[in-house]
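Worksheet for the structure shown next.
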Amino acid sequence: MSPTERDFSNRFALYRRLLIAGICVAAIGLCILYLKFEPSSGLYPRCMFKMLTGLSCPGCGSQRAIHSIFNGDIKEAFSYNALFIIEIPLLALLIFSRLIGSRHPQLQRTLSSRFFILFILVTIIIWTIVRNIFDI
């Protein structure tokens, strides 16, 4: 490896470590924020889609759901946004597959497949329609 390539590789490794550290600090900060402040305090952003249309978007209620999870109330979190709570393990699996994708290529292929992505998209669309029809 030439000195230029080694320098680039070292810089890339440093940027990657800084990015990971920044993400960790941001995650800890968000956890503290969600633990300390109620979503109704006005500190959290409001849903623009709901403000403009009066309808709930797929993510409406997710901030209150996260707050409820951090405070140990899964039942209340589920009442705010059931799909979001169900998809938390899926999000963890997606992150896990990205981190160790080379060790488990089948998992990576499955989660990146057209069928899986369309399945998630259709689920989100159906959830949005159902939650607005039945006012969930």
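Chain identifiers are assigned as A, B, and so on, following the order in which chains appear in the structure tokens; residues are numbered from 1 within each chain, and ligands are numbered from 1 in order of appearance.
With only C-alpha atoms taken into account, the protein and nucleic acid residues at most 12 Å from A:Leu35 (excluding it and anything under 4 positions from it in its own chain) are A:Ile28, A:Gly29, A:Leu30, A:Cys31, A:Pro39, A:Gln63, A:Arg64, A:Ala65, A:Ile66, A:His67, A:Ser68, A:Ile69, A:Phe70, A:Asn71, A:Gly72.
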Selected residues written out with N, CA and C atoms, as a PDB file, in the first residue's frame:
ATOM      1  N   ILE A  28     -27.735   9.000  22.798  1.00  0.00           N
ATOM      2  CA  ILE A  28     -27.818   9.176  24.255  1.00  0.00           C
ATOM      3  C   ILE A  28     -28.567  10.469  24.576  1.00  0.00           C
ATOM      4  N   GLY A  29     -28.274  11.524  23.833  1.00  0.00           N
ATOM      5  CA  GLY A  29     -28.970  12.798  24.041  1.00  0.00           C
ATOM      6  C   GLY A  29     -30.459  12.674  23.801  1.00  0.00           C
ATOM      7  N   LEU A  30     -30.833  11.964  22.738  1.00  0.00           N
ATOM      8  CA  LEU A  30     -32.257  11.769  22.457  1.00  0.00           C
ATOM      9  C   LEU A  30     -32.934  10.932  23.540  1.00  0.00           C
ATOM     10  N   CYS A  31     -32.228   9.925  24.026  1.00  0.00           N
ATOM     11  CA  CYS A  31     -32.787   9.104  25.117  1.00  0.00           C
ATOM     12  C   CYS A  31     -33.051   9.962  26.348  1.00  0.00           C
ATOM     13  N   PRO A  39     -43.873  14.576  25.643  1.00  0.00           N
ATOM     14  CA  PRO A  39     -44.123  15.026  24.268  1.00  0.00           C
ATOM     15  C   PRO A  39     -45.113  16.184  24.183  1.00  0.00           C
ATOM     16  N   GLN A  63     -43.391   9.689  18.569  1.00  0.00           N
ATOM     17  CA  GLN A  63     -42.653  10.373  19.644  1.00  0.00           C
ATOM     18  C   GLN A  63     -43.244  10.031  21.005  1.00  0.00           C
ATOM     19  N   ARG A  64     -44.561  10.030  21.104  1.00  0.00           N
ATOM     20  CA  ARG A  64     -45.203   9.651  22.369  1.00  0.00           C
ATOM     21  C   ARG A  64     -44.958   8.175  22.669  1.00  0.00           C
ATOM     22  N   ALA A  65     -44.920   7.342  21.609  1.00  0.00           N
ATOM     23  CA  ALA A  65     -44.657   5.917  21.796  1.00  0.00           C
ATOM     24  C   ALA A  65     -43.242   5.692  22.334  1.00  0.00           C
ATOM     25  N   ILE A  66     -42.276   6.398  21.789  1.00  0.00           N
ATOM     26  CA  ILE A  66     -40.898   6.275  22.282  1.00  0.00           C
ATOM     27  C   ILE A  66     -40.819   6.718  23.736  1.00  0.00           C
ATOM     28  N   HIS A  67     -41.467   7.819  24.050  1.00  0.00           N
ATOM     29  CA  HIS A  67     -41.477   8.306  25.431  1.00  0.00           C
ATOM     30  C   HIS A  67     -42.082   7.250  26.358  1.00  0.00           C
ATOM     31  N   SER A  68     -43.161   6.623  25.934  1.00  0.00           N
ATOM     32  CA  SER A  68     -43.806   5.591  26.753  1.00  0.00           C
ATOM     33  C   SER A  68     -42.911   4.370  26.920  1.00  0.00           C
ATOM     34  N   ILE A  69     -42.210   3.986  25.859  1.00  0.00           N
ATOM     35  CA  ILE A  69     -41.299   2.836  25.951  1.00  0.00           C
ATOM     36  C   ILE A  69     -40.187   3.134  26.947  1.00  0.00           C
ATOM     37  N   PHE A  70     -39.602   4.324  26.853  1.00  0.00           N
ATOM     38  CA  PHE A  70     -38.523   4.691  27.777  1.00  0.00           C
ATOM     39  C   PHE A  70     -38.997   4.743  29.224  1.00  0.00           C
ATOM     40  N   ASN A  71     -40.284   4.976  29.410  1.00  0.00           N
ATOM     41  CA  ASN A  71     -40.834   4.998  30.759  1.00  0.00           C
ATOM     42  C   ASN A  71     -41.482   3.668  31.142  1.00  0.00           C
ATOM     43  N   GLY A  72     -41.281   2.649  30.310  1.00  0.00           N
ATOM     44  CA  GLY A  72     -41.704   1.295  30.641  1.00  0.00           C
ATOM     45  C   GLY A  72     -43.166   0.971  30.404  1.00  0.00           C
TER      46      GLY A  72
END
From a DSSP pass on the backbone, collect the residues of stretch 3-95 of chain A flagged as helix (DSSP H, G or I) and hand them back as a PyMOL selection string.
-> chain A and resi 3-36+39-41+48-53+62-70+74-80+82-95
At what distance in Å, to one decimal, does atom CA of A:Ile20 lie from atom CA of A:Thr110?
->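 Computed distance, atom CA of A:Thr110 to atom CA of A:Ile20, equals 25.6 Å.
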A:Ser40, A:Asn10, A:Ser113, A:Ser79: which is nearest A:Asp135, counting only C-alpha atoms?
->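 Closest to A:Asp135 of all the choices is A:Ser79.
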Counting only C-alpha atoms, figure out which residue out of A:Glu87, A:Asp7, A:Glu76, A:Glu38 gets nearest to A:Ile120.
->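 Among the listed residues, A:Glu87 lies closest to A:Ile120.
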